[in-house]
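Q: target_30.txt is reproduced in full below (compact mmCIF, C-alpha atoms).
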```txt
# COMPACT_ATOMS: atom_id res chain seq x y z
CA MET A 1 57.38 133.33 106.07
CA ASP A 2 56.83 131.93 109.59
CA LEU A 3 58.41 128.77 111.03
CA SER A 4 55.31 126.67 110.31
CA SER A 5 55.33 127.68 106.64
CA LEU A 6 59.03 126.89 106.36
CA PHE A 7 58.45 123.47 107.88
CA ASP A 8 55.54 122.79 105.51
CA ALA A 9 57.70 123.83 102.54
CA PHE A 10 60.48 121.54 103.75
CA LEU A 11 58.11 118.58 104.04
CA ALA A 12 56.65 119.27 100.59
CA ASN A 13 60.09 119.39 99.00
CA LEU A 14 61.17 116.35 101.00
CA MET A 15 58.28 114.37 99.54
CA ASP A 16 59.50 115.35 96.06
CA THR A 17 62.99 113.97 96.74
CA SER A 18 63.93 111.31 94.21
CA TRP A 19 65.06 107.88 95.37
CA LEU A 20 68.37 108.55 93.63
CA GLU A 21 69.00 111.68 95.69
CA PHE A 22 68.00 109.78 98.84
CA VAL A 23 70.57 107.04 98.13
CA ALA A 24 73.26 109.64 97.42
CA VAL A 25 72.51 111.41 100.70
CA VAL A 26 72.63 108.20 102.75
CA PHE A 27 75.99 107.17 101.33
CA GLY A 28 77.29 110.75 101.61
CA LEU A 29 76.42 110.92 105.29
CA ALA A 30 77.99 107.52 105.87
CA SER A 31 81.17 108.70 104.15
CA VAL A 32 81.56 111.77 106.37
CA TRP A 33 80.89 109.68 109.48
CA PHE A 34 83.60 107.20 108.48
CA ALA A 35 85.97 110.12 107.76
CA LYS A 36 85.42 111.44 111.29
CA GLN A 37 86.27 107.98 112.62
CA GLU A 38 89.35 107.78 110.32
CA LYS A 39 87.92 104.61 108.73
CA ILE A 40 88.84 103.51 105.20
CA LEU A 41 85.12 103.05 104.40
CA VAL A 42 85.04 106.83 103.87
CA TYR A 43 86.16 106.18 100.30
CA PRO A 44 83.91 103.39 98.92
CA THR A 45 80.80 105.00 100.42
CA GLY A 46 81.89 108.40 99.15
CA ILE A 47 82.49 107.09 95.64
CA ILE A 48 78.92 105.77 95.39
CA SER A 49 77.52 109.12 96.55
CA VAL A 50 79.58 111.32 94.23
CA LEU A 51 78.85 109.25 91.13
CA ILE A 52 75.13 109.71 91.76
CA TYR A 53 75.57 113.44 92.39
CA ILE A 54 77.37 113.94 89.08
CA PHE A 55 74.11 112.97 87.39
CA ILE A 56 71.93 115.01 89.79
CA CYS A 57 74.00 118.21 89.54
CA PHE A 58 73.94 118.19 85.75
CA ASN A 59 70.15 118.00 85.84
CA VAL A 60 69.84 121.15 88.00
CA LYS A 61 72.59 123.09 86.17
CA LEU A 62 75.09 123.01 89.03
CA PHE A 63 77.83 122.31 86.53
CA ALA A 64 80.73 123.20 88.80
CA ASP A 65 79.32 120.91 91.47
CA ALA A 66 79.06 118.13 88.87
CA GLY A 67 82.72 118.75 88.13
CA ILE A 68 83.67 118.71 91.81
CA ASN A 69 81.95 115.37 92.22
CA LEU A 70 84.02 114.01 89.35
CA PHE A 71 87.06 115.39 91.14
CA TYR A 72 85.83 113.77 94.36
CA PHE A 73 85.78 110.45 92.55
CA ILE A 74 89.38 110.88 91.40
CA MET A 75 90.52 112.10 94.82
CA SER A 76 88.64 109.28 96.54
CA VAL A 77 90.64 106.77 94.53
CA TYR A 78 93.82 108.72 95.39
CA GLY A 79 92.88 108.98 99.07
CA TRP A 80 92.02 105.28 99.22
CA TYR A 81 95.48 104.55 97.86
CA MET A 82 97.22 106.99 100.22
CA TRP A 83 95.47 105.59 103.30
CA THR A 84 96.24 101.95 102.45
CA LYS A 85 99.50 101.93 100.47
CA LYS A 86 102.26 99.70 101.77
CA THR A 87 105.69 101.35 101.96
CA ASP A 88 108.77 101.33 104.16
CA LYS A 89 107.67 104.70 105.56
CA PRO A 90 105.40 104.98 108.64
CA PRO A 91 101.66 104.94 107.82
CA LEU A 92 100.01 108.28 107.08
CA LYS A 93 99.07 110.06 110.32
CA ILE A 94 96.75 112.98 111.07
CA SER A 95 98.78 116.22 111.14
CA PHE A 96 98.54 120.01 110.85
CA ASN A 97 99.41 122.05 107.77
CA SER A 98 102.94 123.41 107.64
CA LEU A 99 103.69 126.82 106.09
CA LYS A 100 104.56 125.04 102.84
CA ASP A 101 101.25 123.17 102.99
CA TRP A 102 99.35 126.46 103.42
CA ILE A 103 101.11 128.00 100.42
CA ILE A 104 100.21 124.98 98.29
CA THR A 105 96.65 125.09 99.63
CA GLY A 106 96.28 128.76 98.66
CA LEU A 107 97.68 128.17 95.17
CA VAL A 108 95.38 125.17 94.59
CA PHE A 109 92.38 127.24 95.70
CA LEU A 110 93.19 130.19 93.41
CA LEU A 111 93.98 127.91 90.48
CA SER A 112 90.71 126.07 91.01
CA LEU A 113 88.73 129.33 90.95
CA GLY A 114 90.30 130.38 87.65
CA VAL A 115 89.99 127.01 85.94
CA ILE A 116 86.35 126.47 86.99
CA ILE A 117 85.19 129.92 85.86
CA PHE A 118 87.00 129.45 82.55
CA LEU A 119 85.38 126.05 81.96
CA LEU A 120 81.93 127.33 82.91
CA LYS A 121 82.26 130.28 80.52
CA TYR A 122 83.61 128.06 77.77
CA PHE A 123 80.97 125.33 77.97
CA ASN A 124 78.01 127.30 79.33
CA GLY A 125 78.69 130.93 78.48
CA ASP A 126 75.56 131.31 76.31
CA ASP A 127 73.14 130.35 79.08
CA THR A 128 71.92 133.82 80.09
CA ASP A 129 69.53 132.43 82.71
CA TYR A 130 72.40 130.62 84.39
CA TRP A 131 74.65 133.70 84.47
CA SER A 132 71.86 136.11 85.49
CA THR A 133 72.18 134.99 89.13
CA ASN A 134 75.05 134.65 91.60
CA VAL A 135 74.71 130.85 91.57
CA PRO A 136 77.62 130.13 89.16
CA TYR A 137 79.99 132.26 91.25
CA ILE A 138 78.85 130.78 94.56
CA ASP A 139 78.99 127.33 92.97
CA THR A 140 82.55 128.02 91.79
CA PHE A 141 83.66 129.23 95.22
CA THR A 142 82.25 126.22 97.07
CA THR A 143 83.69 123.88 94.46
CA SER A 144 87.16 125.37 94.96
CA VAL A 145 86.77 125.11 98.73
CA PHE A 146 85.78 121.46 98.47
CA ILE A 147 88.67 120.69 96.09
CA VAL A 148 91.08 121.92 98.76
CA ALA A 149 89.17 120.03 101.47
CA MET A 150 89.32 116.77 99.53
CA LEU A 151 93.04 117.14 98.82
CA LEU A 152 93.84 117.85 102.48
CA MET A 153 91.60 114.97 103.57
CA ALA A 154 93.59 112.56 101.40
CA LEU A 155 96.73 113.80 103.16
CA LYS A 156 95.05 113.52 106.61
CA LYS A 157 95.38 117.22 107.43
CA VAL A 158 93.32 118.62 110.31
CA GLU A 159 92.64 121.76 108.28
CA SER A 160 90.63 119.75 105.75
CA TRP A 161 87.69 120.00 108.17
CA ILE A 162 87.88 123.81 108.20
CA PHE A 163 87.32 123.86 104.45
CA TRP A 164 84.53 121.27 104.72
CA ILE A 165 82.84 123.54 107.29
CA ILE A 166 83.09 126.63 105.07
CA GLY A 167 81.73 124.77 102.05
CA ASP A 168 78.90 123.19 104.02
CA VAL A 169 77.77 126.55 105.44
CA ILE A 170 77.42 127.93 101.90
CA SER A 171 75.94 124.77 100.39
CA VAL A 172 72.92 124.62 102.73
CA PRO A 173 71.18 127.70 101.24
CA LEU A 174 72.56 127.02 97.74
CA TYR A 175 70.92 123.62 97.42
CA THR A 176 67.71 124.91 99.02
CA TYR A 177 67.59 127.58 96.31
CA LYS A 178 68.04 124.92 93.63
CA GLY A 179 65.14 122.90 95.08
CA LEU A 180 67.27 120.03 96.41
CA VAL A 181 65.98 120.37 99.97
CA PHE A 182 66.99 116.90 101.09
CA THR A 183 70.52 117.52 99.81
CA SER A 184 70.47 120.86 101.66
CA PHE A 185 69.54 118.97 104.83
CA GLN A 186 72.40 116.58 104.11
CA PHE A 187 74.85 119.50 104.06
CA LEU A 188 73.43 120.70 107.37
CA VAL A 189 74.23 117.30 108.85
CA PHE A 190 77.62 117.43 107.07
CA LEU A 191 78.27 120.73 108.84
CA ILE A 192 77.60 119.18 112.25
CA LEU A 193 79.76 116.15 111.44
CA ALA A 194 82.53 118.40 110.06
CA VAL A 195 82.69 120.34 113.33
CA MET A 196 82.85 117.04 115.22
CA GLY A 197 85.49 115.76 112.78
CA TYR A 198 87.62 118.87 113.26
CA VAL A 199 87.50 118.49 117.04
CA GLU A 200 88.32 114.78 116.84
CA TRP A 201 91.20 115.11 114.33
CA LYS A 202 92.65 118.12 116.17
CA ARG A 203 92.64 116.12 119.41
CA LYS A 204 94.42 113.20 117.73
CA ALA A 205 97.00 115.47 116.12
CA LEU A 206 97.72 117.31 119.39
CA ASN A 207 98.04 114.00 121.25
CA ARG A 208 100.50 112.82 118.62
CA TYR A 209 102.62 115.98 118.89
CA THR A 210 102.57 116.01 122.70
CA GLY A 211 102.99 112.24 122.97
CA SER A 212 99.99 111.91 125.27
```
Is it possible to express this structure as structure tokens?

A:
Amino acid sequence: MDLSSLFDAFLANLMDTSWLEFVAVVFGLASVWFAKQEKILVYPTGIISVLIYIFICFNVKLFADAGINLFYFIMSVYGWYMWTKKTDKPPLKISFNSLKDWIITGLVFLLSLGVIIFLLKYFNGDDTDYWSTNVPYIDTFTTSVFIVAMLLMALKKVESWIFWIIGDVISVPLYTYKGLVFTSFQFLVFLILAVMGYVEWKRKALNRYTGS
């Protein structure tokens, strides 16, 4: 398929985008932009987007992604609390993962993989069409990646952006395959913003450590 045909297919699928998916994409993009800027609005805009995507993902049989969006909702509430809580300790600052943080990150990722596959097999094991492709396994992997990313984001870790980048790279073709072209385009924009967010947060963390 040549570039013109790909563009025509994109436009055709874009025209089929539901208003609900459009709203979810707009709020999702706004959320990532606010995250890059370290603004608290990352959470209310993100909550609107993920609640809509729970409904959308169920409709296209991306069950793990529906689950991750539910997790996003929970973690958004947690992150909102962590970024705004009033304590005697200094406010949460952007920082790098320590060795302990990396160990916890790895354990959370592996645990997520196991739990998601188990739940998918338990609730959707009889769907032969669903399991006849690599989609459930790719879906599970990206979901686990995004779980780690969301957790690290709530803790203001620079490495959260690395996991967002990995998940976004995989999600672009995944959502195209599922016919959610506008959402696929959203993840392409997410990828660009995630790279920018990584550069910005890394700069802030280095400035904090060097005192510049």

Q: Rank A:Gly28, A:Leu41, A:Thr176, A:Thr183 by their smallest atom-to-atom distance to Trp83 (chain A), using all atoms listed in the file, and report the top residue only.

A: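 Selected residue with least distance to Trp83 (chain A): A:Leu41.
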
Q: What does the distance between CA of Tyr177 (chain A) and CA of Ala24 (chain A) come to in Å, to one decimal place?

A: 18.8 Å

Q: Let me know the centre plus edge lengths, in Å and rounded to one decimal, of a box with edges along x, y and z that contains all listed atoms of region 67-79 of chain A and is padded by 5 Å on every side, as JSON.

A:
```
{"center_x": 87.9, "center_y": 112.8, "center_z": 93.6, "size_x": 21.9, "size_y": 22.0, "size_z": 20.9}
```

Q: Using all atoms listed in the file, which residues of region 90-130 of chain A come within 12 Å of region 163-174 of chain A, and what is the closest atom pair for each, with the distance in Å to one decimal? Give it as JSON lines, sorted by chain and residue number.

A:
```
{"residue": "A:Thr105", "atom": "CA", "partner": "A:Phe163", "partner_atom": "CA", "distance": 10.6}
{"residue": "A:Gly106", "atom": "CA", "partner": "A:Phe163", "partner_atom": "CA", "distance": 11.7}
{"residue": "A:Phe109", "atom": "CA", "partner": "A:Phe163", "partner_atom": "CA", "distance": 10.7}
```

Q: Quick one, how far is CA of Trp131 (chain A) from CA of Met150 (chain A)?

A: 27.0 Å

Q: Could you check how far CA of Gly46 (chain A) sits from CA of Ala154 (chain A), in Å to one decimal?

A: 12.6 Å

Q: A:Val25, A:Lys61, A:Glu38, A:Val77: which is nearest Asp129 (chain A), counting all atoms listed in the file?

A: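 Counting all atoms listed in the file, the residue closest to Asp129 (chain A) is A:Lys61.
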
Q: Given the choices A:Asn69, A:Leu119, A:Gln186, A:Phe96, which gets closest to Phe27 (chain A) if the distance is worked out from all atoms listed in the file?

A: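 The closest residue to Phe27 (chain A) is A:Gln186.
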
Q: Could you tell me which of A:Leu92, A:Ile138, A:Leu20, A:Val145 comes closest to Leu111 (chain A) if we count all atoms listed in the file?

A: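 Residue with the minimum atom-to-atom distance to Leu111 (chain A): A:Val145.
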
Q: Between A:Ser184, A:Ser144, A:Ser76, A:Thr84, which residue has the minimum interatomic distance to Leu51 (chain A), considering all atoms listed in the file?

A: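 So, comparing all the options, the nearest one is A:Ser76.
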
Q: Using all atoms listed in the file, which protein or nucleic acid residues come within 10 Å of Ile56 (chain A)? Drop anything in the same chain fewer than 6 positions from it, and give the result as a PDB file with C-alpha atoms, keeping the file's coordinate frame.

A:
```
ATOM      1  CA  SER A  18      63.930 111.310  94.210  1.00  0.00           C
ATOM      2  CA  LEU A  20      68.370 108.550  93.630  1.00  0.00           C
ATOM      3  CA  GLU A  21      69.000 111.680  95.690  1.00  0.00           C
ATOM      4  CA  ALA A  24      73.260 109.640  97.420  1.00  0.00           C
ATOM      5  CA  VAL A  50      79.580 111.320  94.230  1.00  0.00           C
ATOM      6  CA  LEU A  62      75.090 123.010  89.030  1.00  0.00           C
ATOM      7  CA  PHE A  63      77.830 122.310  86.530  1.00  0.00           C
ATOM      8  CA  ASP A  65      79.320 120.910  91.470  1.00  0.00           C
ATOM      9  CA  ALA A  66      79.060 118.130  88.870  1.00  0.00           C
ATOM     10  CA  LEU A 180      67.270 120.030  96.410  1.00  0.00           C
TER      11      LEU A 180
END
```

Q: Taking only C-alpha atoms into account, name the residue in A:Leu193, A:Tyr72, A:Phe182, A:Lys202 that is nearest to Val26 (chain A).

A: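 Among the listed residues, the smallest separation from Val26 (chain A) belongs to A:Phe182.
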